[in-house]
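Asks: Sharing a structure with you now.
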Amino acid sequence: MSIGWDVGGSGDLDVTNSGPPAPPHGPATGRVDSVCVIGAGAAGLTAIKNLREAGFGVDCYERETGVGGAWNWRHDRSPVYATTHLISSKPFTQYPDFPMPDSWPDYPHHNQVLAYLERYADHFGLRQHIWFGTEVSRVVPVDGGQWDVTISGARGGGADRTQRYAAVVVANGHNWSPKMPAYEGLDSYGGQVIHASSYKDPAQLRGKRVLVIGAGNTGCDIAVDAAQQAARCWHSSRRGYWYAPKYAYGRPADQVNDLVASFRLPLWVRQRLLQRTLRRVVGDLTRFGLPKPDHKLLETHPIANSQLLYYLGHGSITPVPEVARFTSSKVELVDGRVIEPDLVVLATGYLPRFEFLAPELLNVDTDGRPRLHLHTLAPSFPTLSVVGLLQPDSGIFSLMHWQSVLVASWLRLREQAPERANGYWRAHHHQVGQRYTRARLKDSTRHWFEVSHIDYLRAVDKALRDLEPQS
Ligand SMILES: Cc1cc2nc3c(=O)[nH]c(=O)nc-3n(C[C@H](O)[C@H](O)[C@H](O)COP(=O)(O)OP(=O)(O)OC[C@H]3O[C@@H](n4cnc5c(N)ncnc54)[C@H](O)[C@@H]3O)c2cc1C
């Protein structure tokens, strides 16, 4: 099997001059008929499965010693904490061809999500294709559309080795590299400051006065933990948000949202309907001391938390506005209040990071955002793709599944019908700025990869039909 370089819009690109210099050690050994998958989290696993089903040989490299990525709590870079449960409900999270057990709750605990991913790996026989404890340190394009992938033992162990592959699928996750805020005085602040990525257990909060900065799902979860464990909890948010409960009308909130979306109403009607539902179910947020939302529903990533308002209503969480600055021992808020927390938790999100790839290979813009066709295919390198670089309004596993089916179909078409593949590429590879949501999203790194699951799956479905082999 060969996946040639001659197809695609990059025919005139001198790929040998792109990316970091070639590694200083011996020549790459050949796996030139196979695809390299980087990472064995939810995205990497489904990529292995779908590439194998399409007939490709696959080597997956995983720096940790087990599968599951973010959901494996013991992993160095896992962002989940002891109390993490799914935010998206079970049927809206699972892979389409591998349901979660009926006996599991609507919102499984992180241990169950890991067990689910382990069962998926076992059921489809994926582990035999994974090299555990192996880190990819460099990925460089070479002539012929192939890639030299340099690997070594994780955490600096073992000598480097370079293998040559027909294609590379990056599935390294985008919820592990902390996005740090730039507050005045933060560097010289004497109190304890951690990013949410280092928050693992409510015991870290016990008896302390805690300031949680950030009102995304993680910030809300940590504020709720602090309400139960800490001596005091301030929760700082930059703006007013919509806080959806995890249930509405006795159903998981994402299922209600999906039902409303299935009526195919204009966006503004849907927004009004959902906002009215929230006003009825949740009530007036300003009664809880929260600012009024400064945007319409669906214009920021959904926050689903049934406990935040409960603890606000019990006085266990004090809502506060944005931080103005840190002094040596205090935190000043923009409304002039000054507080003295023992611990500050920065729940300020994550940024994508691809330290093994030169930025231009993923068409990374000056802000650091990769610009990819369907958030998946690198526009100048038809044999380079990313799976999992999405922020959907529901669960992500089914989107990753279809994304990797797309990658497999694309690579398959390149091999079987180069002329048709060429036509698809010429027509589509430069389409990198598409937004797969009709909502006008607030400008934030948090929304770089935000998609409506319905709009995104519709676009992938169309691409899959374009890539279908013709008999
Ligand atoms: C607190 C929290 C709650 C969440 N809740 C939900 C939810 O309710 N529903 C939902 O659908 N999603 C949720 N998510 C999103 C979650 O990130 C995804 O569900 C999913 O785990 C992402 O999978 P991934 O494979 O893309 O990345 P990851 O799970 O991060 O896996 C990436 C893998 O790549 C490996 N890797 C990275 N770099 C290298 C390298 N250079 N060499 C070798 N291996 C490498 C890593 O070790 C890791 O195993 C949540 C995220 C967080 C932080």
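Each chain of the structure tokens is named A, B, ... in the order shown, its residues numbered from 1; ligands are numbered from 1 in display order.
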What's around Leu297 (chain A) at 8 Å? Count only C-alpha atoms, leave out sequence neighbours fewer than 3 positions away in its own chain, and write the answer as an MDAnalysis selection string.
Replies: chainID A and resid 242 271 274:275 300
Asks: Please produce an output containing C-alpha atoms for each residue in the selection, written as a PDB file, in the first residue's frame.
Replies:
```pdb
ATOM      1  CA  TRP A 242     -25.902  31.036  31.209  1.00  0.00           C
ATOM      2  CA  GLN A 271     -32.118  30.733  21.450  1.00  0.00           C
ATOM      3  CA  LEU A 274     -33.895  27.686  25.343  1.00  0.00           C
ATOM      4  CA  GLN A 275     -33.424  30.977  27.184  1.00  0.00           C
ATOM      5  CA  THR A 300     -20.391  30.775  24.609  1.00  0.00           C
TER       6      THR A 300
END
```
Asks: Counting only C-alpha atoms and all ligand atoms, which protein, DNA or RNA residues come within 7 Å of ligand 1, given as a tab-separated table (two decimals) with all heavy atoms, in the first residue's frame?
Replies:
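File result_28.tsv, as written:
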```tsv
chain	number	residue	atom	x	y	z
A	38	ILE	N	-0.59	9.52	16.76
A	38	ILE	CA	0.11	10.01	17.95
A	38	ILE	C	-0.91	10.20	19.08
A	38	ILE	O	-1.75	11.10	19.03
A	38	ILE	CB	0.84	11.33	17.65
A	38	ILE	CG1	1.82	11.13	16.50
A	38	ILE	CG2	1.55	11.86	18.91
A	38	ILE	CD1	2.44	12.41	15.98
A	39	GLY	N	-0.86	9.34	20.09
A	39	GLY	CA	-1.75	9.43	21.25
A	39	GLY	C	-2.82	8.35	21.23
A	39	GLY	O	-3.39	8.04	20.18
A	40	ALA	N	-3.06	7.76	22.41
A	40	ALA	CA	-4.08	6.70	22.53
A	40	ALA	C	-5.16	7.11	23.52
A	40	ALA	O	-5.59	6.32	24.36
A	40	ALA	CB	-3.43	5.38	22.94
A	41	GLY	N	-5.58	8.38	23.43
A	41	GLY	CA	-6.76	8.83	24.16
A	41	GLY	C	-8.00	8.48	23.32
A	41	GLY	O	-7.92	7.67	22.38
A	42	ALA	N	-9.11	9.11	23.64
A	42	ALA	CA	-10.36	8.81	22.93
A	42	ALA	C	-10.21	9.02	21.43
A	42	ALA	O	-10.75	8.24	20.62
A	42	ALA	CB	-11.47	9.69	23.48
A	43	ALA	N	-9.46	10.04	21.02
A	43	ALA	CA	-9.31	10.35	19.59
A	43	ALA	C	-8.39	9.34	18.92
A	43	ALA	O	-8.71	8.81	17.83
A	43	ALA	CB	-8.75	11.76	19.41
A	44	GLY	N	-7.24	9.05	19.54
A	44	GLY	CA	-6.29	8.12	18.95
A	44	GLY	C	-6.89	6.73	18.81
A	44	GLY	O	-6.68	6.05	17.80
A	61	TYR	N	1.69	5.69	18.87
A	61	TYR	CA	2.64	5.94	19.95
A	61	TYR	C	1.95	6.68	21.07
A	61	TYR	O	1.27	7.69	20.84
A	61	TYR	CB	3.84	6.74	19.43
A	61	TYR	CG	4.61	5.97	18.39
A	61	TYR	CD1	4.65	6.40	17.07
A	61	TYR	CD2	5.28	4.81	18.73
A	61	TYR	CE1	5.34	5.68	16.11
A	61	TYR	CE2	5.98	4.07	17.77
A	61	TYR	CZ	6.00	4.52	16.47
A	61	TYR	OH	6.67	3.79	15.53
A	62	GLU	N	2.12	6.18	22.28
A	62	GLU	CA	1.46	6.77	23.45
A	62	GLU	C	2.50	6.95	24.55
A	62	GLU	O	3.14	5.97	24.96
A	62	GLU	CB	0.30	5.87	23.90
A	62	GLU	CG	-0.28	6.20	25.27
A	62	GLU	CD	-0.71	7.65	25.42
A	62	GLU	OE1	-1.58	8.11	24.65
A	62	GLU	OE2	-0.16	8.35	26.32
A	63	ARG	N	2.65	8.18	25.04
A	63	ARG	CA	3.70	8.44	26.04
A	63	ARG	C	3.41	7.79	27.38
A	63	ARG	O	4.31	7.50	28.16
A	63	ARG	CB	3.96	9.94	26.18
A	63	ARG	CG	2.82	10.74	26.74
A	63	ARG	CD	3.04	12.24	26.56
A	63	ARG	NE	4.11	12.76	27.39
A	63	ARG	CZ	3.99	13.07	28.68
A	63	ARG	NH1	2.84	12.91	29.30
A	63	ARG	NH2	5.01	13.56	29.35
A	64	GLU	N	2.13	7.56	27.66
A	64	GLU	CA	1.77	6.94	28.93
A	64	GLU	C	1.75	5.41	28.79
A	64	GLU	O	1.92	4.89	27.69
A	64	GLU	CB	0.39	7.43	29.38
A	64	GLU	CG	0.30	8.93	29.61
A	64	GLU	CD	1.00	9.38	30.89
A	64	GLU	OE1	1.44	8.52	31.68
A	64	GLU	OE2	1.11	10.61	31.09
A	67	VAL	N	-4.18	3.30	27.95
A	67	VAL	CA	-5.03	4.08	27.03
A	67	VAL	C	-5.89	5.05	27.86
A	67	VAL	O	-5.86	5.04	29.08
A	67	VAL	CB	-5.96	3.15	26.20
A	67	VAL	CG1	-5.14	2.19	25.36
A	67	VAL	CG2	-6.95	2.40	27.09
A	68	GLY	N	-6.66	5.88	27.17
A	68	GLY	CA	-7.65	6.71	27.88
A	68	GLY	C	-7.31	8.18	27.95
A	68	GLY	O	-8.18	9.00	28.22
A	69	GLY	N	-6.03	8.54	27.76
A	69	GLY	CA	-5.63	9.94	27.74
A	69	GLY	C	-6.15	10.70	28.94
A	69	GLY	O	-5.93	10.32	30.09
A	70	ALA	N	-6.89	11.78	28.66
A	70	ALA	CA	-7.39	12.68	29.71
A	70	ALA	C	-8.18	11.94	30.77
A	70	ALA	O	-8.18	12.33	31.94
A	70	ALA	CB	-8.26	13.76	29.06
A	71	TRP	N	-8.87	10.87	30.39
A	71	TRP	CA	-9.75	10.18	31.33
A	71	TRP	C	-9.01	9.22	32.24
A	71	TRP	O	-9.61	8.57	33.10
A	71	TRP	CB	-10.88	9.46	30.57
A	71	TRP	CG	-11.76	10.48	29.92
A	71	TRP	CD1	-11.76	10.84	28.61
A	71	TRP	CD2	-12.72	11.33	30.57
A	71	TRP	NE1	-12.66	11.85	28.39
A	71	TRP	CE2	-13.27	12.16	29.57
A	71	TRP	CE3	-13.17	11.46	31.88
A	71	TRP	CZ2	-14.25	13.13	29.86
A	71	TRP	CZ3	-14.14	12.41	32.16
A	71	TRP	CH2	-14.66	13.24	31.17
A	78	SER	N	-3.27	14.36	32.84
A	78	SER	CA	-4.73	14.26	32.83
A	78	SER	C	-5.35	15.47	33.53
A	78	SER	O	-4.97	15.81	34.65
A	78	SER	CB	-5.18	12.98	33.55
A	78	SER	OG	-6.56	13.07	33.80
A	79	PRO	N	-6.33	16.12	32.90
A	79	PRO	CA	-6.95	17.29	33.53
A	79	PRO	C	-8.13	16.93	34.44
A	79	PRO	O	-8.76	17.82	34.99
A	79	PRO	CB	-7.45	18.10	32.32
A	79	PRO	CG	-7.77	17.05	31.30
A	79	PRO	CD	-6.83	15.89	31.54
A	80	VAL	N	-8.46	15.64	34.59
A	80	VAL	CA	-9.64	15.33	35.40
A	80	VAL	C	-9.27	15.24	36.88
A	80	VAL	O	-8.14	14.98	37.23
A	80	VAL	CB	-10.41	14.06	34.93
A	80	VAL	CG1	-10.76	14.12	33.46
A	80	VAL	CG2	-9.65	12.79	35.27
A	84	THR	N	-14.74	14.48	38.87
A	84	THR	CA	-15.18	14.71	37.48
A	84	THR	C	-16.16	13.63	37.02
A	84	THR	O	-15.88	12.43	37.12
A	84	THR	CB	-13.98	14.71	36.50
A	84	THR	OG1	-13.01	15.65	36.93
A	84	THR	CG2	-14.43	15.05	35.08
A	85	HIS	N	-17.28	14.08	36.55
A	85	HIS	CA	-18.24	13.23	35.82
A	85	HIS	C	-18.38	13.84	34.44
A	85	HIS	O	-18.05	15.01	34.22
A	85	HIS	CB	-19.61	13.26	36.51
A	85	HIS	CG	-19.66	12.42	37.75
A	85	HIS	ND1	-20.36	11.24	37.83
A	85	HIS	CD2	-19.07	12.60	38.95
A	85	HIS	CE1	-20.22	10.72	39.04
A	85	HIS	NE2	-19.44	11.53	39.75
A	86	LEU	N	-18.91	13.05	33.50
A	86	LEU	CA	-19.18	13.63	32.18
A	86	LEU	C	-20.09	14.85	32.34
A	86	LEU	O	-20.96	14.89	33.21
A	86	LEU	CB	-19.89	12.62	31.28
A	86	LEU	CG	-19.05	11.56	30.56
A	86	LEU	CD1	-19.96	10.72	29.66
A	86	LEU	CD2	-17.95	12.18	29.73
A	87	ILE	N	-19.87	15.82	31.46
A	87	ILE	CA	-20.75	16.99	31.39
A	87	ILE	C	-21.79	16.72	30.30
A	87	ILE	O	-22.94	17.14	30.41
A	87	ILE	CB	-19.92	18.25	31.05
A	87	ILE	CG1	-18.91	18.52	32.15
A	87	ILE	CG2	-20.83	19.47	30.85
A	87	ILE	CD1	-17.69	19.27	31.68
A	88	SER	N	-21.35	16.02	29.27
A	88	SER	CA	-22.29	15.61	28.22
A	88	SER	C	-22.88	14.27	28.64
A	88	SER	O	-22.20	13.46	29.29
A	88	SER	CB	-21.55	15.47	26.90
A	88	SER	OG	-20.40	14.67	27.06
A	93	THR	N	-22.30	11.14	24.17
A	93	THR	CA	-20.84	11.11	24.31
A	93	THR	C	-20.25	9.89	23.63
A	93	THR	O	-19.22	9.97	22.98
A	93	THR	CB	-20.45	11.10	25.80
A	93	THR	OG1	-21.10	12.20	26.44
A	93	THR	CG2	-18.96	11.22	25.99
A	134	THR	N	5.98	5.50	24.89
A	134	THR	CA	6.80	5.95	23.75
A	134	THR	C	6.32	7.33	23.32
A	134	THR	O	5.15	7.52	23.00
A	134	THR	CB	6.66	4.97	22.57
A	134	THR	OG1	6.94	3.66	23.05
A	134	THR	CG2	7.60	5.31	21.45
A	135	GLU	N	7.23	8.28	23.33
A	135	GLU	CA	6.86	9.66	23.04
A	135	GLU	C	7.35	10.07	21.66
A	135	GLU	O	8.48	9.76	21.28
A	135	GLU	CB	7.50	10.57	24.10
A	135	GLU	CG	7.10	12.02	23.94
A	135	GLU	CD	7.14	12.77	25.26
A	135	GLU	OE1	7.70	12.24	26.25
A	135	GLU	OE2	6.60	13.88	25.30
A	136	VAL	N	6.49	10.76	20.94
A	136	VAL	CA	6.89	11.30	19.64
A	136	VAL	C	7.52	12.67	19.89
A	136	VAL	O	6.89	13.55	20.51
A	136	VAL	CB	5.67	11.43	18.70
A	136	VAL	CG1	6.03	12.20	17.44
A	136	VAL	CG2	5.13	10.05	18.36
A	137	SER	N	8.76	12.85	19.46
A	137	SER	CA	9.42	14.13	19.72
A	137	SER	C	9.55	14.98	18.46
A	137	SER	O	9.80	16.19	18.55
A	137	SER	CB	10.81	13.89	20.32
A	137	SER	OG	11.56	13.07	19.45
A	171	ALA	N	-3.26	12.93	17.45
A	171	ALA	CA	-4.40	12.82	18.39
A	171	ALA	C	-3.87	13.04	19.80
A	171	ALA	O	-4.08	12.23	20.70
A	171	ALA	CB	-5.06	11.44	18.24
A	172	ASN	N	-3.14	14.16	19.96
A	172	ASN	CA	-2.43	14.40	21.23
A	172	ASN	C	-3.25	15.18	22.25
A	172	ASN	O	-2.75	15.53	23.31
A	172	ASN	CB	-1.09	15.12	20.96
A	172	ASN	CG	-1.29	16.54	20.48
A	172	ASN	OD1	-2.32	16.83	19.86
A	172	ASN	ND2	-0.35	17.42	20.74
A	173	GLY	N	-4.53	15.47	21.93
A	173	GLY	CA	-5.40	16.14	22.90
A	173	GLY	C	-5.13	17.64	22.97
A	173	GLY	O	-4.04	18.10	22.62
A	174	HIS	N	-6.14	18.39	23.43
A	174	HIS	CA	-5.92	19.84	23.57
A	174	HIS	C	-6.38	20.35	24.94
A	174	HIS	O	-6.68	21.51	25.11
A	174	HIS	CB	-6.57	20.62	22.43
A	174	HIS	CG	-8.06	20.47	22.33
A	174	HIS	ND1	-8.93	21.44	22.77
A	174	HIS	CD2	-8.83	19.49	21.85
A	174	HIS	CE1	-10.17	21.03	22.55
A	174	HIS	NE2	-10.14	19.85	22.00
A	175	ASN	N	-6.43	19.43	25.90
A	175	ASN	CA	-6.81	19.84	27.26
A	175	ASN	C	-5.72	19.47	28.26
A	175	ASN	O	-5.99	18.85	29.28
A	175	ASN	CB	-8.13	19.16	27.67
A	175	ASN	CG	-9.33	19.84	27.04
A	175	ASN	OD1	-9.41	21.05	27.02
A	175	ASN	ND2	-10.25	19.05	26.51
A	176	TRP	N	-4.48	19.80	27.93
A	176	TRP	CA	-3.42	19.46	28.89
A	176	TRP	C	-2.40	20.58	29.07
A	176	TRP	O	-1.68	20.63	30.06
A	176	TRP	CB	-2.71	18.16	28.49
A	176	TRP	CG	-2.12	18.17	27.11
A	176	TRP	CD1	-2.74	17.78	25.96
A	176	TRP	CD2	-0.81	18.61	26.73
A	176	TRP	NE1	-1.90	17.95	24.88
A	176	TRP	CE2	-0.71	18.45	25.34
A	176	TRP	CE3	0.29	19.11	27.43
A	176	TRP	CZ2	0.44	18.79	24.62
A	176	TRP	CZ3	1.43	19.45	26.73
A	176	TRP	CH2	1.50	19.28	25.33
A	218	THR	N	-14.97	23.45	34.25
A	218	THR	CA	-14.01	23.06	35.28
A	218	THR	C	-14.05	24.03	36.46
A	218	THR	O	-14.08	23.61	37.62
A	218	THR	CB	-12.59	23.01	34.67
A	218	THR	OG1	-12.57	21.95	33.71
A	218	THR	CG2	-11.53	22.75	35.71
A	356	PHE	N	5.96	18.69	18.66
A	356	PHE	CA	6.73	17.82	17.77
A	356	PHE	C	6.58	18.21	16.30
A	356	PHE	O	7.12	17.55	15.41
A	356	PHE	CB	6.33	16.35	17.97
A	356	PHE	CG	4.83	16.16	18.04
A	356	PHE	CD1	4.06	16.12	16.90
A	356	PHE	CD2	4.20	16.06	19.28
A	356	PHE	CE1	2.68	15.97	16.97
A	356	PHE	CE2	2.82	15.90	19.36
A	356	PHE	CZ	2.05	15.86	18.21
A	387	VAL	N	-7.10	14.57	14.78
A	387	VAL	CA	-8.41	14.11	15.24
A	387	VAL	C	-8.58	14.55	16.70
A	387	VAL	O	-7.66	14.39	17.50
A	387	VAL	CB	-8.54	12.57	15.11
A	387	VAL	CG1	-9.84	12.07	15.73
A	387	VAL	CG2	-8.49	12.16	13.64
A	388	GLY	N	-9.73	15.13	16.99
A	388	GLY	CA	-10.03	15.51	18.38
A	388	GLY	C	-9.91	16.99	18.66
A	388	GLY	O	-10.19	17.43	19.77
A	389	LEU	N	-9.50	17.78	17.65
A	389	LEU	CA	-9.32	19.21	17.87
A	389	LEU	C	-10.67	19.93	17.70
A	389	LEU	O	-10.86	20.72	16.78
A	389	LEU	CB	-8.26	19.75	16.90
A	389	LEU	CG	-7.64	21.10	17.23
A	389	LEU	CD1	-7.01	21.11	18.61
A	389	LEU	CD2	-6.59	21.47	16.18
A	394	SER	N	-21.80	19.14	22.63
A	394	SER	CA	-22.27	17.89	23.23
A	394	SER	C	-21.03	17.03	23.47
A	394	SER	O	-19.92	17.57	23.52
A	394	SER	CB	-23.22	17.18	22.26
A	394	SER	OG	-22.49	16.70	21.15
A	395	GLY	N	-21.19	15.72	23.60
A	395	GLY	CA	-20.02	14.86	23.78
A	395	GLY	C	-19.18	14.79	22.53
A	395	GLY	O	-19.66	15.05	21.41
A	396	ILE	N	-17.91	14.39	22.70
A	396	ILE	CA	-16.98	14.50	21.57
A	396	ILE	C	-16.65	13.15	20.92
A	396	ILE	O	-16.22	13.11	19.77
A	396	ILE	CB	-15.68	15.20	22.04
A	396	ILE	CG1	-14.87	15.72	20.85
A	396	ILE	CG2	-14.84	14.30	22.93
A	396	ILE	CD1	-13.71	16.60	21.22
A	397	PHE	N	-16.88	12.02	21.60
A	397	PHE	CA	-16.37	10.76	21.05
A	397	PHE	C	-16.98	10.43	19.68
A	397	PHE	O	-16.29	9.94	18.79
A	397	PHE	CB	-16.63	9.58	21.99
A	397	PHE	CG	-15.95	9.67	23.33
A	397	PHE	CD1	-16.19	8.72	24.31
A	397	PHE	CD2	-15.07	10.68	23.63
A	397	PHE	CE1	-15.58	8.78	25.55
A	397	PHE	CE2	-14.45	10.77	24.88
A	397	PHE	CZ	-14.72	9.81	25.83
```
Asks: For Ala182 (chain A), find every residue with an atom within 12 Å (counting only C-alpha atoms), except residues of its own chain fewer than 6 positions away, and show them as a list in words.
Replies: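 Everything that qualifies: Val323, Ala324, Arg325, Phe326, Leu346 and Thr348 of chain A.
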Asks: With N, CA and C atoms retained, could you export that selection as a compact mmCIF listing (two decimals), in the first residue's frame?
Replies:
```
# COMPACT_ATOMS: atom_id res chain seq x y z
N VAL A 323 -10.61 39.63 38.44
CA VAL A 323 -9.48 40.11 39.24
C VAL A 323 -8.85 41.30 38.52
N ALA A 324 -8.57 42.37 39.29
CA ALA A 324 -7.89 43.54 38.69
C ALA A 324 -6.39 43.34 38.77
N ARG A 325 -5.90 42.94 39.96
CA ARG A 325 -4.45 42.73 40.13
C ARG A 325 -4.17 41.95 41.40
N PHE A 326 -2.98 41.39 41.44
CA PHE A 326 -2.51 40.73 42.66
C PHE A 326 -1.50 41.66 43.33
N LEU A 346 -6.51 28.66 39.15
CA LEU A 346 -6.72 29.29 37.83
C LEU A 346 -7.41 28.27 36.91
N THR A 348 -8.51 28.55 33.97
CA THR A 348 -8.49 29.48 32.84
C THR A 348 -8.31 28.77 31.50
```
Asks: Which residues are close to Thr437 (chain A), i.e. within 10 Å by only C-alpha atoms, leaving aside same-chain residues fewer than 3 positions away? Reply as JSON, numbers by chain.
Replies: {"A": [267, 298, 299, 392, 393, 434, 440, 441, 450, 451, 452, 453, 454, 455, 456]}
Asks: Taking 3 positions as the minimum chain separation for residues in the same chain, which residues sit within 9 Å of Trp147 (chain A) when counting only C-alpha atoms? Answer as a list in words.
Replies: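 Neighbouring residues, sequence-local ones excluded: Val32, Cys36, Val139, Val140, Pro141, Val142, Asp143, Gly144, Gln163, Arg164, Tyr165, Ala166, Ala167, Val168, Thr383 and Leu384 of chain A.
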Asks: Rounded to one decimal place, report the CA of Leu399 (chain A)-CA of Asp122 (chain A) distance in Å.
Replies: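 CA of Asp122 (chain A) lies at a distance of 20.7 Å from CA of Leu399 (chain A).
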Asks: Pick out each residue of region 275-409 of chain A that DSSP on the backbone tags as helix (DSSP H, G or I); I need them as a ChimeraX atom specification.
Replies: /A:275-281,285-288,308-313,359-362,397-409
Asks: I'd like the neighbourhood of Gly336 (chain A) as a list in words, where a residue qualifies if any of its atoms comes within 10 Å (using only C-alpha atoms), though same-chain residues fewer than 2 positions away should be ignored.
Replies: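 Contacts, in chain order: Pro321, Val323, Ala324, Val331, Glu332, Leu333, Val334, Val338 and Ile339 of chain A.
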Asks: Measuring between only C-alpha atoms, which one of A:Cys233, A:Leu411, A:Arg270, A:Tyr350 shows the shortest distance to Pro181 (chain A)?
Replies: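 Looking at the shortest contact to Pro181 (chain A), the residue is A:Tyr350.
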Asks: Using only C-alpha atoms, which of A:Gln94, A:His129, A:Ala244, A:His314 sits nearest Leu117 (chain A)?
Replies: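 Distance minimum relative to Leu117 (chain A) lands on A:Gln94.
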Asks: Pick the closest to Pro202 (chain A) from A:Phe288, A:Trp448, A:Trp73, A:Tyr81: which is it, counting only C-alpha atoms?
Replies: A:Tyr81
Asks: Please, what distance in Å, to one decimal, runs between CA of Gly349 (chain A) and CA of Ala196 (chain A)?
Replies: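 These two atoms are separated by 7.9 Å.
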Asks: Give the strand (DSSP E or B) residues of region 52-196 of chain A, as assigned by DSSP on the backbone, as an MDAnalysis selection string.
Replies: chainID A and resid 57:62 85 95 98 109 130:132 134:142 146:153 161:170 178 184 192:195
Asks: Could you tell me which of A:Ala54, A:Val282, A:Leu351, A:Ile194 comes closest to Trp410 (chain A) if we count only C-alpha atoms?
Replies: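 Once distances to Trp410 (chain A) are computed over only C-alpha atoms, the minimum belongs to A:Ala54.
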